[in-house]
Structure formats: structure tokens, C-alpha cells
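Asker: Below is a structure I'd like to ask you about.
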Amino acid sequence: MDKSSIIFTCILFFALGLFSYNLWKIVRNIRLGKSKNRFDQPLKRTKILLKIAFGQTKLFARPASGILHALVYWGFLVITIGTVEMMVDGIFSLDRSFGVLGSFYDMATASGDVMAVLVLVSCLIFMFRRLFLKIKRLSGKEMKKASSIDAIIALVIIMFLMISLLTMNIGYIGLHPENYFGSFPISNFLYSFIANWDAQSMEILHDISWWTHIMLVLIFLNELPYSKHFHVVMSIPNVYFSNIENLGKMDNMPSVTKEVKLMMDPNADPYATPAADASSPESFGAKDVTDLNWVQLMNAYSCTECGRCTSECPANQTGKLLSPRKIMMDTRQRMKEVGKNIDKHGKDYTDNKSLLNDYISTEELWACTTCNACTQACPLNIDPLSIIVDLRRHLVMEQSFAPTELNMMFNNIENNGAPWQFPAADRLKWKDE
Ligand code: SF4
Ligand code: SF4
């Protein structure tokens, strides 16, 4: 190991260690959620994962931005192979160690080289759109300046990543013009403009580009846990564990379902002693993030703030306060706050705040039509509606707090067995007319 590989190894392990520490904190926060079985039907889930996460199919509903985003994502997947190679090279003082893979290496480097340009062009278009075009979907009361700065920082880092990748390849070709590993269609073309540089200049170009690229990778990796771009990491588990039932199907609460079944069963003994294992839930619905399940919390960490959900939301379109993107951002914000409280004061600490009311108002919740358009539109299968429903359940079942119209309907159901104001005995009266 020479001096530079020792320095590189120390930096790499520090960066990976820091990332793992922040990742552990996020996983700990997600595990604050209640249990939820999403480990069923692995084959169906894998198919959905390939189609939606890797295929990026839901993004193509808006073809222009969808294709650009997909190019950036696929480009990253291809270029990651080169990043792993750089880490191996850096630790063991090697040069293009994966070159032994032969034609697979040629294919991977050629795709990476082309993808670098496509990603660069896509990022330039995204940057232009963010700075100079007023896209309604990217604005909204929940979109603070920090969101925009976060997006711009990520775009700048990705652009420099691609530029340094290309200049590194050019420098590599320049150092071994006759016998280099891999295939670099774009870098080869660009190399022709500086082919007359001497070996020392090529070495400087290569080394500066190599260090710039790998340092940017490590900086970007450690920026991810603080950024909405964490979806790069979360999109895969989030899509795999997403809801694969029909969208309109809501989760029943087992304890309530049991009570209703007893009510509807004419043979049931209303005074029967409850079974020994019968346990009633601590509370109904959700008041804070710890009442939500782990999938809902993972959803919040996966949200890209793209606003596709909000732009499809009929309540939002008609000027109501509700924005499903805000529901996800608020949930993530509250979860981070709870996590920080645990770090500072231990897990039993309470700050007397909650997701309901302190972050999400009842006006927002009751504006929802439960139409599922947000869930349908989300490119990562995030489900804002399930959080809205759980918060509403808490309002109704724990606080008896619901709009007057709903309270009237609840009374009717309780008294008449139907949402209308007519007694059950009058149901067949229509036939007399
Ligand atoms: S389910 Fe609710 S939040 Fe989602 S789009 Fe429909 S109205 Fe909006
Ligand atoms: S929930 Fe989905 S559609 Fe809505 S902002 Fe987040 S990622 Fe975009």
C-alpha cells in the first residue's frame, strides 16, 4: 500500500462509516413505527419492483420529465459499477482492476461513458427548468427555499460527477493510448482534441479528475440522508414493500371488525365473556408518527417532493388546504424531530407535540376525498392517503371530532343501520307508492 492508497482508504472508511451511522439513525426512526406485514407475495413484489423502481414506468405518465429522470437513474446504476472499481483501485493501488472482465467491462465502460453525457444533458435541462421556468408542480406552500437549494446542490454535484468521469476517462486514454482497458466512445472522441498533450499533463488531468470524482461520490453519499435525494437509496425498498392490493381497499381494524361481525350476527351472545386472548388496541388511528406503521414512515423518507401527487389531487386543485406532498413532508419532518429528541433525551421523552395538529391540521385532513389519485400518481408508490385515513380515525374514534355532516351520518348508522335518517322499518315503504 502506498501513501495515497492509505490516505484514500482512511477517507473512504470515514465516509462509509458516517453514512452507515446516519443510515442506522433513519432505520431506527422507521422502526419506531408499528408492525405491518409486507413480506407476502415476493414474486409479485419483485415484478412491481422491476417495473416501477428499475423500469421507472410511472414516471413516463409525463414523458418529457419522465425520460430525463429515468436517464439520470439508469445512468447512476451503470456508473455505480465504475465507482466500485475506483474504490477497489484506490485501496489496492490498482488501475482499472475490473479490466479483467473483458467484453463485459467494454460494455459497462461504453454504457457509462454514453450515460455520463446523457445524465449531464438531463441535469442541465433540470437546472434550467428549476431556475428559469415556473413549474407549478415544483411550488406550493410546503416547498420552502431549502427544498429548492437542496435540488440545486444535488444537480451541481451530479454535473461535476459526470464531467470528472469524462475527463478521468480522457486522461486514462491519454496515458495508455494504445493499450487501455474498456471502451469509451465519447471520451475517445473528446480525447482527439487534446491528443497532443504530453504524458505528464495527461497524468495530472487523470489524477485530479479521479480524486474529484471519488470525493464527490463520497460527499454526495453523505449529503443523501439530509436531502430529499435519499430516495436514490429508499426507492427500491419502498416500491418493494408498497401496497399491492387494489387501491380502494382500506385496512380494517381487527378489533372493530370483530365487534361489527358480532353486531351483525343474529346468533351471537352480546353478553358473552371475551376470549382470554382478546386484547383491545391501545388507541385507534394515529396521532403521532409512532402510531403509524413502518411502511408509512418509510414512505415519508422516500418522498422526492416531486409534487405529482399534489398536482393530481382534486382537493388541492379546487383550492383546499390539502396537499398530499405536504402530508409526506410533514411526516418526515416530525419523524426527524422525534429522532432528534430520542438522541438528546432518550426514548421515553415527550415534547408534547404531535403530527396531528402541530404539523397537519384537521382542515387538511377533512378536505381529502379518499380518491387515491395521489397514490396512483406517485412514481414510488407512496401512499399519503393511508396516513390521512389513520389520522382521521384518531380524530373520530379517540376524540369524537368529525365534521357535523359526518356525525349525523354516524348517528344514522348507529340508530338506523344506514347512513340515512329513516328507520329500518320504513325501508320498504317505497313499494307502497
Ligand atoms: S386521496 Fe385525498 S389527498 Fe389523495 S388525491 Fe385524493 S383527495 Fe387528494
Ligand atoms: S408522495 Fe410521491 S408523488 Fe408525492 S411528492 Fe412524494 S414522491 Fe412525489
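Following the order of the C-alpha cells, chains are lettered A, B, ..., residues in each are numbered from 1, and ligands are numbered from 1.
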Write as a ChimeraX atom specification the residues around ligand 1, taking 7 Å as the cut-off and counting only C-alpha atoms and all ligand atoms.
Answerer: /A:309-310,312-316,322-324,367-375,384-385
Asker: Take the residues from that selection and put them in a file with N, CA and C atoms, as a CSV table (one decimal), in the first residue's frame.
Answerer:
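Full text of selection12.csv as output:
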chain,number,residue,atom,x,y,z
A,309,CYS,N,-48.3,14.0,-6.9
A,309,CYS,CA,-49.5,13.7,-6.1
A,309,CYS,C,-50.4,14.9,-5.9
A,310,THR,N,-49.7,16.0,-5.5
A,310,THR,CA,-50.5,17.2,-5.3
A,310,THR,C,-51.1,17.8,-6.6
A,312,GLU,N,-52.3,16.1,-8.9
A,312,GLU,CA,-53.4,15.3,-9.3
A,312,GLU,C,-54.6,15.4,-8.3
A,313,CYS,N,-54.3,16.0,-7.1
A,313,CYS,CA,-55.2,15.9,-6.0
A,313,CYS,C,-56.4,16.9,-6.3
A,314,PRO,N,-57.6,16.4,-6.4
A,314,PRO,CA,-58.8,17.2,-6.6
A,314,PRO,C,-59.0,18.3,-5.6
A,315,ALA,N,-58.7,17.9,-4.3
A,315,ALA,CA,-58.9,18.9,-3.2
A,315,ALA,C,-58.0,20.0,-3.4
A,316,ASN,N,-56.7,19.7,-3.7
A,316,ASN,CA,-55.7,20.8,-3.9
A,316,ASN,C,-56.1,21.6,-5.2
A,322,LEU,N,-55.4,21.1,1.5
A,322,LEU,CA,-54.7,19.8,1.4
A,322,LEU,C,-53.7,19.7,0.3
A,323,SER,N,-52.5,19.2,0.6
A,323,SER,CA,-51.5,18.8,-0.4
A,323,SER,C,-50.9,17.5,0.1
A,324,PRO,N,-51.1,16.4,-0.7
A,324,PRO,CA,-50.6,15.1,-0.2
A,324,PRO,C,-49.0,15.1,-0.1
A,367,ALA,N,-60.4,17.7,4.1
A,367,ALA,CA,-60.5,18.1,2.6
A,367,ALA,C,-60.3,16.9,1.7
A,368,CYS,N,-59.8,15.8,2.2
A,368,CYS,CA,-59.5,14.7,1.4
A,368,CYS,C,-60.7,13.9,0.9
A,369,THR,N,-60.8,13.6,-0.4
A,369,THR,CA,-62.0,12.8,-0.9
A,369,THR,C,-61.7,11.3,-0.9
A,370,THR,N,-60.6,10.9,-0.4
A,370,THR,CA,-60.1,9.5,-0.5
A,370,THR,C,-60.2,8.9,-1.9
A,371,CYS,N,-59.9,9.7,-2.9
A,371,CYS,CA,-60.0,9.3,-4.3
A,371,CYS,C,-58.8,8.4,-4.7
A,372,ASN,N,-57.7,8.5,-4.0
A,372,ASN,CA,-56.5,7.7,-4.3
A,372,ASN,C,-55.7,8.3,-5.5
A,373,ALA,N,-56.1,9.4,-6.1
A,373,ALA,CA,-55.3,10.0,-7.2
A,373,ALA,C,-53.8,10.2,-6.9
A,374,CYS,N,-53.6,10.6,-5.6
A,374,CYS,CA,-52.2,10.8,-5.2
A,374,CYS,C,-51.4,9.5,-5.2
A,375,THR,N,-52.0,8.5,-4.7
A,375,THR,CA,-51.3,7.2,-4.7
A,375,THR,C,-51.0,6.7,-6.1
A,384,PRO,N,-50.0,8.6,0.5
A,384,PRO,CA,-50.3,9.6,1.5
A,384,PRO,C,-51.7,9.4,2.1
A,385,LEU,N,-52.6,8.7,1.3
A,385,LEU,CA,-54.0,8.5,1.8
A,385,LEU,C,-54.0,7.7,3.1
Asker: Find the spatial neighbours of stretch 135-140 of chain A, counting only C-alpha atoms, within a cut-off of 10 Å - ignore same-chain residues fewer than 2 positions away - and output them as a PyMOL selection string.
Answerer: chain A and resi 129-133+142-145+147-148+305-312+323+325-326
Asker: For stretch 346-361 of chain A, please output as number ranges by chain all residues within 8 Å (counting only C-alpha atoms; exclusion window: fewer than 5 positions along the same chain).
Answerer: A: 287-289, 327, 330-331, 334, 341, 391
Asker: With C-alpha atoms retained, could you export that selection as an mmCIF file, in the first residue's frame?
Answerer:
data_model
loop_
_atom_site.group_PDB
_atom_site.id
_atom_site.type_symbol
_atom_site.label_atom_id
_atom_site.label_comp_id
_atom_site.auth_asym_id
_atom_site.auth_seq_id
_atom_site.Cartn_x
_atom_site.Cartn_y
_atom_site.Cartn_z
ATOM 1 C CA LYS A 287 -51.995 10.899 16.447
ATOM 2 C CA ASP A 288 -48.239 10.974 16.022
ATOM 3 C CA VAL A 289 -45.638 9.285 13.827
ATOM 4 C CA ILE A 327 -48.584 15.205 4.328
ATOM 5 C CA ASP A 330 -44.676 16.822 7.473
ATOM 6 C CA THR A 331 -44.497 13.161 8.467
ATOM 7 C CA ARG A 334 -41.925 15.158 12.552
ATOM 8 C CA ASN A 341 -35.485 14.050 20.784
ATOM 9 C CA LEU A 391 -55.149 10.476 11.395
#
Asker: Pick out the residues sitting within 10 Å of stretch 188-198 of chain A, and hand them over as a PDB file with C-alpha atoms, in the first residue's frame; count only C-alpha atoms, and ignore anything fewer than 6 positions along from it in its own chain.
Answerer:
ATOM      1  CA  ASP A 113     -19.331   6.837 -20.967  1.00  0.00           C
ATOM      2  CA  LEU A 166     -15.369  12.025 -18.647  1.00  0.00           C
ATOM      3  CA  THR A 167     -12.102  13.915 -18.006  1.00  0.00           C
ATOM      4  CA  ASN A 169     -11.540   8.636 -18.932  1.00  0.00           C
ATOM      5  CA  ILE A 170      -9.865  11.075 -21.329  1.00  0.00           C
ATOM      6  CA  GLY A 171      -6.777  11.231 -19.099  1.00  0.00           C
ATOM      7  CA  TYR A 172      -6.728   7.423 -18.868  1.00  0.00           C
ATOM      8  CA  ILE A 173      -6.871   7.060 -22.658  1.00  0.00           C
ATOM      9  CA  GLY A 174      -4.108   9.694 -22.949  1.00  0.00           C
ATOM     10  CA  LEU A 175      -1.866   7.710 -20.573  1.00  0.00           C
ATOM     11  CA  PRO A 177      -3.384   5.448 -25.997  1.00  0.00           C
TER      12      PRO A 177
END
Asker: Give me the residues near A:Ala70 as an mmCIF file with C-alpha atoms, in the first residue's frame, where near means some atom within 12 Å (using only C-alpha atoms) and where sequence neighbours in that chain fewer than 3 positions away do not count.
Answerer:
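The resulting file, around13.cif, is shown below:
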data_model
loop_
_atom_site.group_PDB
_atom_site.id
_atom_site.type_symbol
_atom_site.label_atom_id
_atom_site.label_comp_id
_atom_site.auth_asym_id
_atom_site.auth_seq_id
_atom_site.Cartn_x
_atom_site.Cartn_y
_atom_site.Cartn_z
ATOM 1 C CA ILE A 52 -41.722 0.672 -11.200
ATOM 2 C CA ALA A 53 -38.358 1.168 -9.455
ATOM 3 C CA PHE A 54 -35.889 -0.057 -12.087
ATOM 4 C CA GLY A 55 -38.139 0.480 -15.135
ATOM 5 C CA GLN A 56 -39.294 3.904 -13.838
ATOM 6 C CA THR A 57 -42.583 3.255 -15.664
ATOM 7 C CA LYS A 58 -44.833 5.535 -13.597
ATOM 8 C CA LEU A 59 -42.618 8.496 -14.461
ATOM 9 C CA PHE A 60 -43.496 8.181 -18.139
ATOM 10 C CA ARG A 62 -45.251 12.836 -18.000
ATOM 11 C CA PRO A 63 -42.958 11.833 -20.889
ATOM 12 C CA ALA A 64 -40.518 14.782 -21.021
ATOM 13 C CA SER A 65 -39.504 14.943 -17.354
ATOM 14 C CA GLY A 66 -40.025 11.165 -17.038
ATOM 15 C CA ILE A 67 -37.469 10.268 -19.726
ATOM 16 C CA TYR A 73 -31.443 6.995 -12.683
ATOM 17 C CA TRP A 74 -30.263 4.408 -15.208
ATOM 18 C CA GLY A 75 -27.046 6.383 -15.713
ATOM 19 C CA PHE A 76 -26.378 6.204 -11.985
ATOM 20 C CA LEU A 77 -26.949 2.439 -11.942
ATOM 21 C CA MET A 115 -24.670 7.684 -19.906
ATOM 22 C CA LEU A 118 -26.926 11.869 -21.184
ATOM 23 C CA VAL A 119 -27.023 12.460 -17.410
ATOM 24 C CA SER A 122 -30.553 15.885 -18.387
ATOM 25 C CA CYS A 123 -29.168 17.742 -15.352
ATOM 26 C CA VAL A 232 -31.999 7.184 -4.505
ATOM 27 C CA PRO A 379 -43.755 7.294 -9.067
#
Asker: How would you write, as number ranges by chain, the set of residues in stretch 154-285 of chain A that DSSP gives as alpha helix (DSSP H)?
Answerer: A: 154-175, 185-191, 199-223, 231-240, 254-264
Asker: Create the file for the chosen residues now, containing C-alpha atoms and written as an mmCIF file, in the first residue's frame.
Answerer:
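The resulting result36.cif:
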data_model
loop_
_atom_site.group_PDB
_atom_site.id
_atom_site.type_symbol
_atom_site.label_atom_id
_atom_site.label_comp_id
_atom_site.auth_asym_id
_atom_site.auth_seq_id
_atom_site.Cartn_x
_atom_site.Cartn_y
_atom_site.Cartn_z
ATOM 1 C CA ALA A 154 -27.627 17.805 -5.963
ATOM 2 C CA LEU A 155 -27.795 18.829 -9.628
ATOM 3 C CA VAL A 156 -24.457 20.670 -9.387
ATOM 4 C CA ILE A 157 -22.785 17.687 -7.694
ATOM 5 C CA ILE A 158 -24.149 15.267 -10.301
ATOM 6 C CA MET A 159 -22.988 17.509 -13.167
ATOM 7 C CA PHE A 160 -19.454 17.726 -11.742
ATOM 8 C CA LEU A 161 -19.530 13.964 -11.185
ATOM 9 C CA MET A 162 -20.226 13.409 -14.869
ATOM 10 C CA ILE A 163 -17.663 15.969 -16.050
ATOM 11 C CA SER A 164 -14.945 14.487 -13.825
ATOM 12 C CA LEU A 165 -15.844 10.984 -15.030
ATOM 13 C CA LEU A 166 -15.369 12.025 -18.647
ATOM 14 C CA THR A 167 -12.102 13.915 -18.006
ATOM 15 C CA MET A 168 -10.801 10.953 -15.998
ATOM 16 C CA ASN A 169 -11.540 8.636 -18.932
ATOM 17 C CA ILE A 170 -9.865 11.075 -21.329
ATOM 18 C CA GLY A 171 -6.777 11.231 -19.099
ATOM 19 C CA TYR A 172 -6.728 7.423 -18.868
ATOM 20 C CA ILE A 173 -6.871 7.060 -22.658
ATOM 21 C CA GLY A 174 -4.108 9.694 -22.949
ATOM 22 C CA LEU A 175 -1.866 7.710 -20.573
ATOM 23 C CA PRO A 185 -16.854 6.193 -27.379
ATOM 24 C CA ILE A 186 -17.441 9.719 -26.058
ATOM 25 C CA SER A 187 -14.156 10.165 -24.164
ATOM 26 C CA ASN A 188 -12.235 8.821 -27.167
ATOM 27 C CA PHE A 189 -13.824 11.460 -29.349
ATOM 28 C CA LEU A 190 -13.059 14.210 -26.804
ATOM 29 C CA TYR A 191 -9.513 12.879 -26.385
ATOM 30 C CA ALA A 199 2.167 12.284 -20.670
ATOM 31 C CA GLN A 200 2.666 14.457 -17.578
ATOM 32 C CA SER A 201 -0.304 16.713 -18.440
ATOM 33 C CA MET A 202 -2.434 13.618 -19.093
ATOM 34 C CA GLU A 203 -1.423 12.222 -15.704
ATOM 35 C CA ILE A 204 -2.339 15.477 -13.946
ATOM 36 C CA LEU A 205 -5.704 15.554 -15.761
ATOM 37 C CA HIS A 206 -6.370 11.911 -14.847
ATOM 38 C CA ASP A 207 -5.337 12.188 -11.182
ATOM 39 C CA ILE A 208 -7.209 15.425 -10.493
ATOM 40 C CA SER A 209 -10.321 14.007 -12.181
ATOM 41 C CA TRP A 210 -10.014 10.697 -10.294
ATOM 42 C CA TRP A 211 -9.793 12.369 -6.895
ATOM 43 C CA THR A 212 -12.509 14.922 -7.741
ATOM 44 C CA HIS A 213 -14.883 12.185 -8.891
ATOM 45 C CA ILE A 214 -14.419 9.870 -5.917
ATOM 46 C CA MET A 215 -14.558 12.743 -3.404
ATOM 47 C CA LEU A 216 -17.804 13.998 -4.956
ATOM 48 C CA VAL A 217 -19.245 10.472 -4.760
ATOM 49 C CA LEU A 218 -18.454 10.352 -1.025
ATOM 50 C CA ILE A 219 -19.764 13.891 -0.411
ATOM 51 C CA PHE A 220 -22.979 13.104 -2.315
ATOM 52 C CA LEU A 221 -23.376 9.854 -0.372
ATOM 53 C CA ASN A 222 -23.182 11.728 2.914
ATOM 54 C CA GLU A 223 -25.465 14.507 1.748
ATOM 55 C CA HIS A 231 -34.957 8.455 -2.439
ATOM 56 C CA VAL A 232 -31.999 7.184 -4.505
ATOM 57 C CA VAL A 233 -31.463 4.733 -1.619
ATOM 58 C CA MET A 234 -35.061 4.330 -0.436
ATOM 59 C CA SER A 235 -36.873 3.899 -3.748
ATOM 60 C CA ILE A 236 -36.026 0.198 -4.029
ATOM 61 C CA PRO A 237 -37.257 -0.998 -0.599
ATOM 62 C CA ASN A 238 -40.126 1.491 -0.749
ATOM 63 C CA VAL A 239 -41.504 0.115 -4.020
ATOM 64 C CA TYR A 240 -40.904 -3.495 -2.973
ATOM 65 C CA PRO A 254 -59.320 -6.132 13.504
ATOM 66 C CA SER A 255 -60.800 -5.177 16.881
ATOM 67 C CA VAL A 256 -63.523 -3.078 15.223
ATOM 68 C CA THR A 257 -64.194 -5.688 12.541
ATOM 69 C CA LYS A 258 -64.749 -8.253 15.280
ATOM 70 C CA GLU A 259 -67.235 -6.020 17.076
ATOM 71 C CA VAL A 260 -69.141 -5.310 13.861
ATOM 72 C CA LYS A 261 -69.296 -9.004 12.974
ATOM 73 C CA LEU A 262 -70.704 -9.727 16.425
ATOM 74 C CA MET A 263 -73.302 -6.980 15.961
ATOM 75 C CA MET A 264 -74.350 -8.352 12.586
#
Asker: Could you state the separation of atom CA of A:Phe241 and atom CA of A:Glu398 in Å, given to one decimal place?
Answerer: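 Pair atom CA of A:Phe241 / atom CA of A:Glu398 returns 29.0 Å.
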Asker: Measuring atom to atom with only C-alpha atoms, identify which of A:Asn243, A:Val88, A:Pro419, A:Glu363 is nearest to A:Asp40.
Answerer: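 Going through A:Asn243, A:Val88, A:Pro419, A:Glu363 one by one, the smallest distance to A:Asp40 is for A:Asn243.
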Asker: Figure out the distance between atom CA of A:Ile382 and atom CA of A:Asn299, please, to one decimal in Å.
Answerer: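 According to the coordinates, atom CA of A:Asn299 and atom CA of A:Ile382 are separated by 5.5 Å.
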Asker: Considering only C-alpha atoms, return as a ChimeraX atom specification whatever protein or nucleic-acid residues lie within 12 Å of A:Lys336, sequence-local ones (same chain, fewer than 3 positions apart) excluded.
Answerer: /A:22,25-30,32,225-226,289-290,297,300-301,329-333,339-343,355
Asker: Can I get the selected residues back with N, CA and C atoms, as a PDB file, in the first residue's frame?
Answerer:
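Printed below is out_3.pdb as written:
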ATOM      1  N   ASN A  22     -25.578   7.523   9.838  1.00  0.00           N
ATOM      2  CA  ASN A  22     -26.809   8.263   9.531  1.00  0.00           C
ATOM      3  C   ASN A  22     -27.910   7.333   9.022  1.00  0.00           C
ATOM      4  N   LYS A  25     -29.527   5.648  11.918  1.00  0.00           N
ATOM      5  CA  LYS A  25     -30.481   6.531  12.609  1.00  0.00           C
ATOM      6  C   LYS A  25     -31.826   6.546  11.874  1.00  0.00           C
ATOM      7  N   ILE A  26     -31.777   6.577  10.549  1.00  0.00           N
ATOM      8  CA  ILE A  26     -33.016   6.594   9.768  1.00  0.00           C
ATOM      9  C   ILE A  26     -33.771   5.276   9.946  1.00  0.00           C
ATOM     10  N   VAL A  27     -33.013   4.169   9.902  1.00  0.00           N
ATOM     11  CA  VAL A  27     -33.664   2.860  10.090  1.00  0.00           C
ATOM     12  C   VAL A  27     -34.275   2.795  11.490  1.00  0.00           C
ATOM     13  N   ARG A  28     -33.565   3.332  12.482  1.00  0.00           N
ATOM     14  CA  ARG A  28     -34.098   3.355  13.848  1.00  0.00           C
ATOM     15  C   ARG A  28     -35.404   4.138  13.893  1.00  0.00           C
ATOM     16  N   ASN A  29     -35.436   5.297  13.205  1.00  0.00           N
ATOM     17  CA  ASN A  29     -36.658   6.106  13.180  1.00  0.00           C
ATOM     18  C   ASN A  29     -37.805   5.357  12.514  1.00  0.00           C
ATOM     19  N   ILE A  30     -37.502   4.666  11.405  1.00  0.00           N
ATOM     20  CA  ILE A  30     -38.555   3.916  10.701  1.00  0.00           C
ATOM     21  C   ILE A  30     -39.089   2.798  11.605  1.00  0.00           C
ATOM     22  N   LEU A  32     -39.542   2.915  14.606  1.00  0.00           N
ATOM     23  CA  LEU A  32     -40.442   3.433  15.650  1.00  0.00           C
ATOM     24  C   LEU A  32     -41.900   3.152  15.283  1.00  0.00           C
ATOM     25  N   PRO A 225     -28.595  11.450   3.296  1.00  0.00           N
ATOM     26  CA  PRO A 225     -29.508  11.322   4.444  1.00  0.00           C
ATOM     27  C   PRO A 225     -30.137  12.637   4.889  1.00  0.00           C
ATOM     28  N   TYR A 226     -29.554  13.766   4.480  1.00  0.00           N
ATOM     29  CA  TYR A 226     -30.113  15.064   4.868  1.00  0.00           C
ATOM     30  C   TYR A 226     -30.980  15.656   3.757  1.00  0.00           C
ATOM     31  N   VAL A 289     -46.316  10.209  14.744  1.00  0.00           N
ATOM     32  CA  VAL A 289     -45.638   9.285  13.827  1.00  0.00           C
ATOM     33  C   VAL A 289     -45.460   7.885  14.419  1.00  0.00           C
ATOM     34  N   THR A 290     -45.338   7.796  15.742  1.00  0.00           N
ATOM     35  CA  THR A 290     -45.131   6.481  16.348  1.00  0.00           C
ATOM     36  C   THR A 290     -46.411   5.632  16.310  1.00  0.00           C
ATOM     37  N   LEU A 297     -43.854   5.234   7.502  1.00  0.00           N
ATOM     38  CA  LEU A 297     -42.681   6.040   7.853  1.00  0.00           C
ATOM     39  C   LEU A 297     -41.605   5.925   6.765  1.00  0.00           C
ATOM     40  N   ALA A 300     -42.406   8.193   3.969  1.00  0.00           N
ATOM     41  CA  ALA A 300     -42.065   9.597   4.208  1.00  0.00           C
ATOM     42  C   ALA A 300     -40.600   9.864   3.874  1.00  0.00           C
ATOM     43  N   TYR A 301     -39.716   8.920   4.228  1.00  0.00           N
ATOM     44  CA  TYR A 301     -38.294   9.097   3.905  1.00  0.00           C
ATOM     45  C   TYR A 301     -38.028   8.948   2.409  1.00  0.00           C
ATOM     46  N   MET A 329     -44.160  15.263   3.613  1.00  0.00           N
ATOM     47  CA  MET A 329     -43.039  16.074   4.121  1.00  0.00           C
ATOM     48  C   MET A 329     -43.192  16.342   5.617  1.00  0.00           C
ATOM     49  N   ASP A 330     -44.428  16.593   6.047  1.00  0.00           N
ATOM     50  CA  ASP A 330     -44.676  16.822   7.473  1.00  0.00           C
ATOM     51  C   ASP A 330     -44.358  15.576   8.296  1.00  0.00           C
ATOM     52  N   THR A 331     -44.758  14.415   7.751  1.00  0.00           N
ATOM     53  CA  THR A 331     -44.497  13.161   8.467  1.00  0.00           C
ATOM     54  C   THR A 331     -42.982  12.965   8.630  1.00  0.00           C
ATOM     55  N   ARG A 332     -42.244  13.222   7.541  1.00  0.00           N
ATOM     56  CA  ARG A 332     -40.772  13.077   7.605  1.00  0.00           C
ATOM     57  C   ARG A 332     -40.172  14.067   8.594  1.00  0.00           C
ATOM     58  N   GLN A 333     -40.672  15.321   8.545  1.00  0.00           N
ATOM     59  CA  GLN A 333     -40.148  16.358   9.431  1.00  0.00           C
ATOM     60  C   GLN A 333     -40.383  15.995  10.891  1.00  0.00           C
ATOM     61  N   GLY A 339     -36.802  11.678  16.273  1.00  0.00           N
ATOM     62  CA  GLY A 339     -35.482  11.034  16.309  1.00  0.00           C
ATOM     63  C   GLY A 339     -34.472  11.883  17.073  1.00  0.00           C
ATOM     64  N   LYS A 340     -34.484  13.198  16.800  1.00  0.00           N
ATOM     65  CA  LYS A 340     -33.546  14.084  17.499  1.00  0.00           C
ATOM     66  C   LYS A 340     -33.829  14.093  18.995  1.00  0.00           C
ATOM     67  N   ASN A 341     -35.117  14.094  19.367  1.00  0.00           N
ATOM     68  CA  ASN A 341     -35.485  14.050  20.784  1.00  0.00           C
ATOM     69  C   ASN A 341     -34.945  12.794  21.456  1.00  0.00           C
ATOM     70  N   ILE A 342     -35.031  11.663  20.727  1.00  0.00           N
ATOM     71  CA  ILE A 342     -34.523  10.405  21.299  1.00  0.00           C
ATOM     72  C   ILE A 342     -33.014  10.512  21.505  1.00  0.00           C
ATOM     73  N   ASP A 343     -32.329  11.083  20.476  1.00  0.00           N
ATOM     74  CA  ASP A 343     -30.865  11.221  20.595  1.00  0.00           C
ATOM     75  C   ASP A 343     -30.489  12.068  21.807  1.00  0.00           C
ATOM     76  N   LEU A 355     -47.927  14.838  15.305  1.00  0.00           N
ATOM     77  CA  LEU A 355     -48.099  15.057  13.860  1.00  0.00           C
ATOM     78  C   LEU A 355     -49.455  15.721  13.596  1.00  0.00           C
TER      79      LEU A 355
END
Asker: Taking into account only C-alpha atoms and all ligand atoms, which residue in the set A:Leu94, A:Ile152, A:Ala418, A:Ile387 is nearest to ligand 2?
Answerer: A:Ile387
Asker: From the set A:Val396, A:Met107, A:Cys303, A:Ile388, which residue has the shortest atom-to-atom contact distance to ligand 2, counting only C-alpha atoms and all ligand atoms?
Answerer: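 Among the listed residues, A:Cys303 lies closest to ligand 2.
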Asker: Looking at only C-alpha atoms, which of A:Ser386, A:Gln296, A:Asn381, A:Ser111 is the one that sits closest to A:Met335?
Answerer: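 The closest residue to A:Met335 is A:Gln296.
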Asker: Name all residues at most 12 Å from A:Val100 (count only C-alpha atoms; drop same-chain ones fewer than 6 positions away) and give them as a PyMOL selection string.
Answerer: chain A and resi 85+106+180-182
